[in-house]
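Everything below concerns the one structure shown next.
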Amino acid sequence: MSNQQLKWLFLMVLAVIWGSSFILIKRGLVGLTPIQLGAARITFSAVFLLIIGFGSLREIRHHQWKYIALTSLFGTFIPAFLFAIAQTQISSSISSILNSLTPLNTLLIGILVFGLTFKRAQLLGVIIGLIGTLLLIINGAISHPNQNYGYTVLVLIASLCYATNVNLIKKYLSDVKPLSITTGNFLVMLLPAAILLFSSGISAHFHEVKIQHSLFYVMILGVIGTGIANILFYKLIQLSAPVFATSVTYLIPVVAIGWGIYDGESLTAVQGLGASIILLGVYLSSKK
């Protein structure tokens, strides 16, 4: 399979995995606090990755560990808690929609901080994708007037973190294997996440069915939605441009809305139009 085909395959698989993450966060919050959810998500991911990828850590050179630490902070640690806190006040679909701002932030940070060059078609794709995103946001605001949209700022900050992470990987870690980057990230995060998790008092409630169910959903989120997905994402970054890689966030709301329909929600004509415009934006942003 060619690199061109591989990058589209990875994009679609990631869209399905990460689009499903928001409903898993929602289920996890039934029995866990946002801090417990974020810490458990990282802990499950770290244990899984150290089992399958511990040997790959030797591929990371000494001077690269500072970038591994930075990408762990911006790529996973901070966003894991921000999304969990945000979804206590806004719906999972709105959270996924706002996450679609990541490609725009990636382009802007890449240009302003990392000297990224871009084509007109990429910028046009980002703009078109944002138009589709705005349609979804407006429709979500109309459908959920009682939600506290002040918490959307947390999702926007998480989006900026993701954008910074992508540019750091592309510039400083493009020669490191995705499994090595991901395993290194979670090795750095394991101790602080475990401390946060067990200092939260969760041990005293392990016997509760509600807690067990929530931890099960978070385990799926951690192993597949974070561990495996990060490996695929870092490979995608290496195969493509940063803007294309983060265009997965345009497809995530489409999958998240699909889960919403399965969960009893309805898809409006405006949401359908927004999803179609988003797909056009993804196509254009992939142009070289």
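Ordered as shown in the structure tokens, chains take letters A, B, and onward, while each chain numbers its residues from 1 and ligands are numbered from 1 in the order shown.
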Find the residues of stretch 146-258 of chain A that sit at most 10 Å from stretch 97-101 of chain A; for each, write down the nearest two atoms and how far apart they are in Å, to one decimal. Count only C-alpha atoms. Sort by chain, then by number going up, and give it as a Markdown table.
```
| residue | atom | partner | partner_atom | distance |
| --- | --- | --- | --- | --- |
| A:Thr152 | CA | A:Leu98 | CA | 7.5 |
| A:Val153 | CA | A:Leu98 | CA | 9.4 |
| A:Leu154 | CA | A:Leu98 | CA | 9.9 |
| A:Val155 | CA | A:Asn99 | CA | 6.5 |
| A:Leu156 | CA | A:Leu98 | CA | 6.8 |
| A:Ile157 | CA | A:Asn99 | CA | 9.6 |
| A:Ala158 | CA | A:Asn99 | CA | 7.8 |
| A:Ser159 | CA | A:Asn99 | CA | 5.8 |
| A:Leu160 | CA | A:Leu101 | CA | 8.5 |
| A:Tyr162 | CA | A:Asn99 | CA | 9.3 |
| A:Ala163 | CA | A:Leu101 | CA | 9.2 |
| A:Thr246 | CA | A:Ser100 | CA | 8.5 |
| A:Ser247 | CA | A:Ser100 | CA | 7.7 |
| A:Val248 | CA | A:Ser100 | CA | 8.1 |
| A:Thr249 | CA | A:Ser100 | CA | 4.6 |
| A:Tyr250 | CA | A:Ser100 | CA | 4.9 |
| A:Leu251 | CA | A:Ser100 | CA | 8.1 |
| A:Ile252 | CA | A:Ile97 | CA | 7.6 |
| A:Pro253 | CA | A:Ile97 | CA | 5.1 |
| A:Val254 | CA | A:Ile97 | CA | 8.6 |
| A:Ala256 | CA | A:Ile97 | CA | 8.6 |
| A:Ile257 | CA | A:Ile97 | CA | 9.2 |
```
I need the residues from that last selection saved to file as a PDB file, in the first residue's frame (with N, CA, C and O atoms), if you can.
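Saved as out19.pdb:
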```
ATOM      1  N   THR A 152     -16.544  25.653  27.047  1.00  0.00           N
ATOM      2  CA  THR A 152     -15.968  25.397  25.722  1.00  0.00           C
ATOM      3  C   THR A 152     -14.542  25.938  25.629  1.00  0.00           C
ATOM      4  O   THR A 152     -13.756  25.476  24.799  1.00  0.00           O
ATOM      5  N   VAL A 153     -14.202  26.903  26.474  1.00  0.00           N
ATOM      6  CA  VAL A 153     -12.837  27.449  26.490  1.00  0.00           C
ATOM      7  C   VAL A 153     -11.832  26.338  26.792  1.00  0.00           C
ATOM      8  O   VAL A 153     -10.722  26.334  26.244  1.00  0.00           O
ATOM      9  N   LEU A 154     -12.212  25.388  27.636  1.00  0.00           N
ATOM     10  CA  LEU A 154     -11.309  24.291  27.976  1.00  0.00           C
ATOM     11  C   LEU A 154     -11.005  23.433  26.755  1.00  0.00           C
ATOM     12  O   LEU A 154      -9.872  22.970  26.569  1.00  0.00           O
ATOM     13  N   VAL A 155     -12.011  23.220  25.915  1.00  0.00           N
ATOM     14  CA  VAL A 155     -11.798  22.452  24.688  1.00  0.00           C
ATOM     15  C   VAL A 155     -10.902  23.224  23.721  1.00  0.00           C
ATOM     16  O   VAL A 155     -10.041  22.638  23.047  1.00  0.00           O
ATOM     17  N   LEU A 156     -11.090  24.535  23.663  1.00  0.00           N
ATOM     18  CA  LEU A 156     -10.249  25.355  22.795  1.00  0.00           C
ATOM     19  C   LEU A 156      -8.787  25.309  23.248  1.00  0.00           C
ATOM     20  O   LEU A 156      -7.871  25.249  22.417  1.00  0.00           O
ATOM     21  N   ILE A 157      -8.555  25.331  24.559  1.00  0.00           N
ATOM     22  CA  ILE A 157      -7.188  25.223  25.080  1.00  0.00           C
ATOM     23  C   ILE A 157      -6.603  23.853  24.733  1.00  0.00           C
ATOM     24  O   ILE A 157      -5.433  23.740  24.340  1.00  0.00           O
ATOM     25  N   ALA A 158      -7.420  22.806  24.862  1.00  0.00           N
ATOM     26  CA  ALA A 158      -6.965  21.463  24.502  1.00  0.00           C
ATOM     27  C   ALA A 158      -6.596  21.397  23.020  1.00  0.00           C
ATOM     28  O   ALA A 158      -5.602  20.759  22.650  1.00  0.00           O
ATOM     29  N   SER A 159      -7.376  22.074  22.189  1.00  0.00           N
ATOM     30  CA  SER A 159      -7.086  22.123  20.760  1.00  0.00           C
ATOM     31  C   SER A 159      -5.732  22.783  20.488  1.00  0.00           C
ATOM     32  O   SER A 159      -4.952  22.325  19.644  1.00  0.00           O
ATOM     33  N   LEU A 160      -5.429  23.863  21.211  1.00  0.00           N
ATOM     34  CA  LEU A 160      -4.127  24.520  21.079  1.00  0.00           C
ATOM     35  C   LEU A 160      -2.995  23.596  21.531  1.00  0.00           C
ATOM     36  O   LEU A 160      -1.906  23.599  20.945  1.00  0.00           O
ATOM     37  N   TYR A 162      -3.046  20.271  21.331  1.00  0.00           N
ATOM     38  CA  TYR A 162      -2.870  19.292  20.265  1.00  0.00           C
ATOM     39  C   TYR A 162      -2.078  19.886  19.096  1.00  0.00           C
ATOM     40  O   TYR A 162      -1.214  19.226  18.503  1.00  0.00           O
ATOM     41  N   ALA A 163      -2.394  21.126  18.751  1.00  0.00           N
ATOM     42  CA  ALA A 163      -1.715  21.788  17.638  1.00  0.00           C
ATOM     43  C   ALA A 163      -0.227  21.944  17.924  1.00  0.00           C
ATOM     44  O   ALA A 163       0.625  21.729  17.040  1.00  0.00           O
ATOM     45  N   THR A 246      -3.944  16.651  11.381  1.00  0.00           N
ATOM     46  CA  THR A 246      -4.936  17.163  12.331  1.00  0.00           C
ATOM     47  C   THR A 246      -6.310  17.338  11.699  1.00  0.00           C
ATOM     48  O   THR A 246      -7.276  17.622  12.403  1.00  0.00           O
ATOM     49  N   SER A 247      -6.403  17.131  10.385  1.00  0.00           N
ATOM     50  CA  SER A 247      -7.716  17.185   9.742  1.00  0.00           C
ATOM     51  C   SER A 247      -8.622  16.053  10.199  1.00  0.00           C
ATOM     52  O   SER A 247      -9.828  16.078   9.942  1.00  0.00           O
ATOM     53  N   VAL A 248      -8.045  15.067  10.887  1.00  0.00           N
ATOM     54  CA  VAL A 248      -8.869  14.011  11.466  1.00  0.00           C
ATOM     55  C   VAL A 248      -9.910  14.609  12.408  1.00  0.00           C
ATOM     56  O   VAL A 248     -11.009  14.068  12.566  1.00  0.00           O
ATOM     57  N   THR A 249      -9.588  15.763  12.997  1.00  0.00           N
ATOM     58  CA  THR A 249     -10.532  16.379  13.925  1.00  0.00           C
ATOM     59  C   THR A 249     -11.764  16.930  13.212  1.00  0.00           C
ATOM     60  O   THR A 249     -12.760  17.243  13.852  1.00  0.00           O
ATOM     61  N   TYR A 250     -11.703  17.068  11.895  1.00  0.00           N
ATOM     62  CA  TYR A 250     -12.898  17.453  11.137  1.00  0.00           C
ATOM     63  C   TYR A 250     -13.857  16.273  10.993  1.00  0.00           C
ATOM     64  O   TYR A 250     -15.072  16.453  10.879  1.00  0.00           O
ATOM     65  N   LEU A 251     -13.311  15.057  10.959  1.00  0.00           N
ATOM     66  CA  LEU A 251     -14.150  13.873  10.784  1.00  0.00           C
ATOM     67  C   LEU A 251     -14.703  13.352  12.106  1.00  0.00           C
ATOM     68  O   LEU A 251     -15.732  12.688  12.134  1.00  0.00           O
ATOM     69  N   ILE A 252     -13.996  13.671  13.191  1.00  0.00           N
ATOM     70  CA  ILE A 252     -14.407  13.183  14.510  1.00  0.00           C
ATOM     71  C   ILE A 252     -15.856  13.555  14.855  1.00  0.00           C
ATOM     72  O   ILE A 252     -16.615  12.709  15.340  1.00  0.00           O
ATOM     73  N   PRO A 253     -16.305  14.823  14.609  1.00  0.00           N
ATOM     74  CA  PRO A 253     -17.694  15.152  14.945  1.00  0.00           C
ATOM     75  C   PRO A 253     -18.713  14.327  14.172  1.00  0.00           C
ATOM     76  O   PRO A 253     -19.805  14.049  14.678  1.00  0.00           O
ATOM     77  N   VAL A 254     -18.358  13.942  12.945  1.00  0.00           N
ATOM     78  CA  VAL A 254     -19.276  13.133  12.149  1.00  0.00           C
ATOM     79  C   VAL A 254     -19.524  11.799  12.848  1.00  0.00           C
ATOM     80  O   VAL A 254     -20.661  11.328  12.975  1.00  0.00           O
ATOM     81  N   ALA A 256     -18.912  11.208  16.076  1.00  0.00           N
ATOM     82  CA  ALA A 256     -19.531  11.489  17.381  1.00  0.00           C
ATOM     83  C   ALA A 256     -21.035  11.708  17.241  1.00  0.00           C
ATOM     84  O   ALA A 256     -21.825  11.259  18.084  1.00  0.00           O
ATOM     85  N   ILE A 257     -21.431  12.414  16.189  1.00  0.00           N
ATOM     86  CA  ILE A 257     -22.858  12.627  15.946  1.00  0.00           C
ATOM     87  C   ILE A 257     -23.544  11.297  15.634  1.00  0.00           C
ATOM     88  O   ILE A 257     -24.687  11.051  16.046  1.00  0.00           O
TER      89      ILE A 257
END
```
I'd like to know which residues of stretch 67-270 of chain A are helix (DSSP H, G or I) (by DSSP, run on the backbone); could you write them as a PyMOL selection string? chain A and resi 67-86+92-112+120-143+149-172+178-198+202-205+209-239+242-246+248-262+269-270
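Between atom CA of A:Ala269 and atom CA of A:Ile131 the separation is 15.2 Å.
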Rows by chain and residue number, stretch 203-263 of chain A within 12 Å of stretch 168-190 of chain A, shortest pair, only C-alpha atoms, as a tab-separated table:
```
residue	atom	partner	partner_atom	distance
A:Gly222	CA	A:Phe186	CA	10.9
A:Val223	CA	A:Phe186	CA	11.5
A:Thr226	CA	A:Thr182	CA	9.4
A:Gly227	CA	A:Thr182	CA	7.2
A:Ile228	CA	A:Thr182	CA	8.8
A:Ala229	CA	A:Thr182	CA	9.5
A:Asn230	CA	A:Thr182	CA	6.3
A:Ile231	CA	A:Pro178	CA	5.1
A:Leu232	CA	A:Pro178	CA	7.3
A:Phe233	CA	A:Pro178	CA	8.1
A:Tyr234	CA	A:Pro178	CA	5.2
A:Lys235	CA	A:Pro178	CA	5.5
A:Leu236	CA	A:Pro178	CA	9.1
A:Ile237	CA	A:Lys170	CA	6.6
A:Gln238	CA	A:Ser174	CA	5.8
A:Leu239	CA	A:Ser174	CA	9.4
A:Ser240	CA	A:Lys170	CA	9.4
A:Ala241	CA	A:Lys170	CA	8.3
A:Pro242	CA	A:Lys170	CA	7.0
A:Val243	CA	A:Lys170	CA	10.7
A:Ala245	CA	A:Lys170	CA	10.4
A:Thr246	CA	A:Lys170	CA	11.9
```
Let me see the file: selected residues, all heavy atoms, as a short mmCIF file (atom, residue, chain, number, x, y, z; two decimals), in the first residue's frame.
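The resulting file, selection26.cif, is shown below:
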```
data_model
loop_
_atom_site.label_atom_id
_atom_site.label_comp_id
_atom_site.auth_asym_id
_atom_site.auth_seq_id
_atom_site.Cartn_x
_atom_site.Cartn_y
_atom_site.Cartn_z
N GLY A 222 -8.61 4.35 27.21
CA GLY A 222 -7.17 4.46 27.40
C GLY A 222 -6.37 3.59 26.44
O GLY A 222 -5.43 4.06 25.81
N VAL A 223 -6.76 2.32 26.31
CA VAL A 223 -5.99 1.38 25.50
C VAL A 223 -6.16 1.66 24.01
O VAL A 223 -5.18 1.78 23.27
CB VAL A 223 -6.39 -0.07 25.82
CG1 VAL A 223 -5.71 -1.05 24.86
CG2 VAL A 223 -6.01 -0.42 27.26
N THR A 226 -6.56 6.05 23.23
CA THR A 226 -5.37 6.85 23.52
C THR A 226 -4.10 6.13 23.10
O THR A 226 -3.32 6.64 22.29
CB THR A 226 -5.29 7.20 25.02
OG1 THR A 226 -6.50 7.85 25.42
CG2 THR A 226 -4.12 8.12 25.30
N GLY A 227 -3.87 4.91 23.61
CA GLY A 227 -2.63 4.18 23.32
C GLY A 227 -2.46 3.84 21.85
O GLY A 227 -1.54 4.31 21.18
N ILE A 228 -3.35 3.00 21.33
CA ILE A 228 -3.25 2.58 19.93
C ILE A 228 -3.44 3.76 18.99
O ILE A 228 -2.73 3.90 17.98
CB ILE A 228 -4.30 1.47 19.64
CG1 ILE A 228 -3.94 0.20 20.42
CG2 ILE A 228 -4.39 1.18 18.15
CD1 ILE A 228 -4.97 -0.90 20.31
N ALA A 229 -4.40 4.64 19.32
CA ALA A 229 -4.67 5.79 18.45
C ALA A 229 -3.46 6.72 18.34
O ALA A 229 -3.17 7.24 17.25
CB ALA A 229 -5.88 6.56 18.97
N ASN A 230 -2.74 6.93 19.43
CA ASN A 230 -1.57 7.79 19.38
C ASN A 230 -0.47 7.22 18.48
O ASN A 230 0.21 7.95 17.76
CB ASN A 230 -1.02 8.03 20.79
CG ASN A 230 -1.72 9.16 21.51
OD1 ASN A 230 -2.79 9.61 21.08
ND2 ASN A 230 -1.17 9.62 22.60
N ILE A 231 -0.29 5.91 18.51
CA ILE A 231 0.69 5.27 17.63
C ILE A 231 0.33 5.54 16.17
O ILE A 231 1.17 5.93 15.35
CB ILE A 231 0.77 3.75 17.89
CG1 ILE A 231 1.27 3.48 19.31
CG2 ILE A 231 1.68 3.08 16.87
CD1 ILE A 231 1.17 2.02 19.72
N LEU A 232 -0.94 5.33 15.83
CA LEU A 232 -1.41 5.58 14.47
C LEU A 232 -1.27 7.04 14.09
O LEU A 232 -0.88 7.38 12.97
CB LEU A 232 -2.87 5.14 14.32
CG LEU A 232 -3.16 3.64 14.47
CD1 LEU A 232 -4.66 3.38 14.37
CD2 LEU A 232 -2.42 2.84 13.41
N PHE A 233 -1.59 7.93 15.04
CA PHE A 233 -1.54 9.36 14.76
C PHE A 233 -0.12 9.84 14.51
O PHE A 233 0.14 10.62 13.58
CB PHE A 233 -2.16 10.14 15.92
CG PHE A 233 -2.26 11.62 15.67
CD1 PHE A 233 -2.95 12.11 14.57
CD2 PHE A 233 -1.66 12.53 16.53
CE1 PHE A 233 -3.05 13.48 14.34
CE2 PHE A 233 -1.76 13.89 16.31
CZ PHE A 233 -2.46 14.37 15.21
N TYR A 234 0.83 9.38 15.31
CA TYR A 234 2.22 9.80 15.11
C TYR A 234 2.76 9.26 13.78
O TYR A 234 3.58 9.91 13.12
CB TYR A 234 3.09 9.33 16.28
CG TYR A 234 2.75 10.03 17.58
CD1 TYR A 234 3.05 9.45 18.81
CD2 TYR A 234 2.12 11.26 17.60
CE1 TYR A 234 2.74 10.09 20.01
CE2 TYR A 234 1.79 11.91 18.78
CZ TYR A 234 2.11 11.32 19.98
OH TYR A 234 1.79 11.96 21.15
N LYS A 235 2.32 8.09 13.39
CA LYS A 235 2.69 7.57 12.07
C LYS A 235 2.09 8.43 10.97
O LYS A 235 2.75 8.73 9.95
CB LYS A 235 2.22 6.12 11.93
CG LYS A 235 2.59 5.48 10.59
CD LYS A 235 4.09 5.38 10.41
CE LYS A 235 4.45 4.65 9.12
NZ LYS A 235 5.93 4.62 8.90
N LEU A 236 0.84 8.85 11.16
CA LEU A 236 0.18 9.72 10.18
C LEU A 236 0.92 11.05 10.04
O LEU A 236 1.07 11.56 8.93
CB LEU A 236 -1.27 9.95 10.59
CG LEU A 236 -2.11 10.88 9.70
CD1 LEU A 236 -2.19 10.33 8.28
CD2 LEU A 236 -3.50 11.07 10.29
N ILE A 237 1.37 11.62 11.15
CA ILE A 237 2.12 12.88 11.11
C ILE A 237 3.38 12.71 10.27
O ILE A 237 3.74 13.58 9.47
CB ILE A 237 2.49 13.34 12.54
CG1 ILE A 237 1.24 13.72 13.32
CG2 ILE A 237 3.44 14.55 12.49
CD1 ILE A 237 1.50 13.98 14.80
N GLN A 238 4.04 11.56 10.43
CA GLN A 238 5.28 11.32 9.69
C GLN A 238 5.02 11.07 8.21
O GLN A 238 5.87 11.37 7.36
CB GLN A 238 6.03 10.14 10.31
CG GLN A 238 6.54 10.43 11.73
CD GLN A 238 7.14 9.23 12.41
OE1 GLN A 238 6.96 8.09 11.97
NE2 GLN A 238 7.87 9.45 13.51
N LEU A 239 3.84 10.54 7.88
CA LEU A 239 3.50 10.25 6.49
C LEU A 239 2.99 11.47 5.74
O LEU A 239 3.02 11.50 4.50
CB LEU A 239 2.42 9.16 6.42
CG LEU A 239 2.85 7.72 6.70
CD1 LEU A 239 1.61 6.83 6.75
CD2 LEU A 239 3.82 7.23 5.63
N SER A 240 2.49 12.48 6.46
CA SER A 240 1.80 13.58 5.82
C SER A 240 2.21 14.91 6.43
O SER A 240 3.09 14.96 7.28
CB SER A 240 0.29 13.39 5.94
OG SER A 240 -0.11 13.43 7.30
N ALA A 241 1.53 15.98 5.98
CA ALA A 241 1.76 17.30 6.55
C ALA A 241 1.00 17.44 7.86
O ALA A 241 -0.04 16.78 8.06
CB ALA A 241 1.30 18.37 5.56
N PRO A 242 1.47 18.29 8.78
CA PRO A 242 0.77 18.47 10.06
C PRO A 242 -0.70 18.86 9.90
O PRO A 242 -1.56 18.37 10.64
CB PRO A 242 1.57 19.59 10.73
CG PRO A 242 2.94 19.47 10.18
CD PRO A 242 2.74 19.05 8.74
N VAL A 243 -1.01 19.73 8.93
CA VAL A 243 -2.39 20.17 8.74
C VAL A 243 -3.28 19.01 8.31
O VAL A 243 -4.40 18.85 8.78
CB VAL A 243 -2.47 21.33 7.72
CG1 VAL A 243 -3.92 21.67 7.42
CG2 VAL A 243 -1.73 22.55 8.25
N ALA A 245 -2.73 15.80 8.98
CA ALA A 245 -2.85 14.88 10.12
C ALA A 245 -3.93 15.35 11.10
O ALA A 245 -4.74 14.56 11.58
CB ALA A 245 -1.50 14.75 10.83
N THR A 246 -3.94 16.65 11.38
CA THR A 246 -4.94 17.16 12.33
C THR A 246 -6.31 17.34 11.70
O THR A 246 -7.28 17.62 12.40
CB THR A 246 -4.48 18.51 12.92
OG1 THR A 246 -4.18 19.42 11.86
CG2 THR A 246 -3.26 18.34 13.80
#
```
Please tabulate, as a Markdown table, the residues of stretch 70-152 of chain A that come within 7 Å of stretch 38-43 of chain A, each with its closest pair of atoms and the distance in Å to one decimal, counting only C-alpha atoms and ordering rows by chain, then residue number upward.
```
| residue | atom | partner | partner_atom | distance |
| --- | --- | --- | --- | --- |
| A:Ala80 | CA | A:Gly38 | CA | 5.1 |
| A:Phe81 | CA | A:Gly38 | CA | 4.9 |
| A:Ala84 | CA | A:Gly38 | CA | 6.5 |
```
Rank nothing, just name the residue among A:Leu57, A:Ala121, A:Leu136, A:Ile195 nearest to A:Gly272, using only C-alpha atoms. A:Leu136
For A:Val126, list every protein, DNA or RNA residue within 7 Å, evaluated using only C-alpha atoms, and leave out those in the same chain fewer than 2 positions away; present the list as a list in words.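 In the requested form, the answer reads Pro103, Leu104, Gln122, Leu123, Leu124, Ile128, Gly129, Leu130, Gly281 and Ser285 of chain A.
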What does the structure give for the distance between atom CA of A:His213 and atom CA of A:Phe44, in Å to one decimal? 14.6 Å
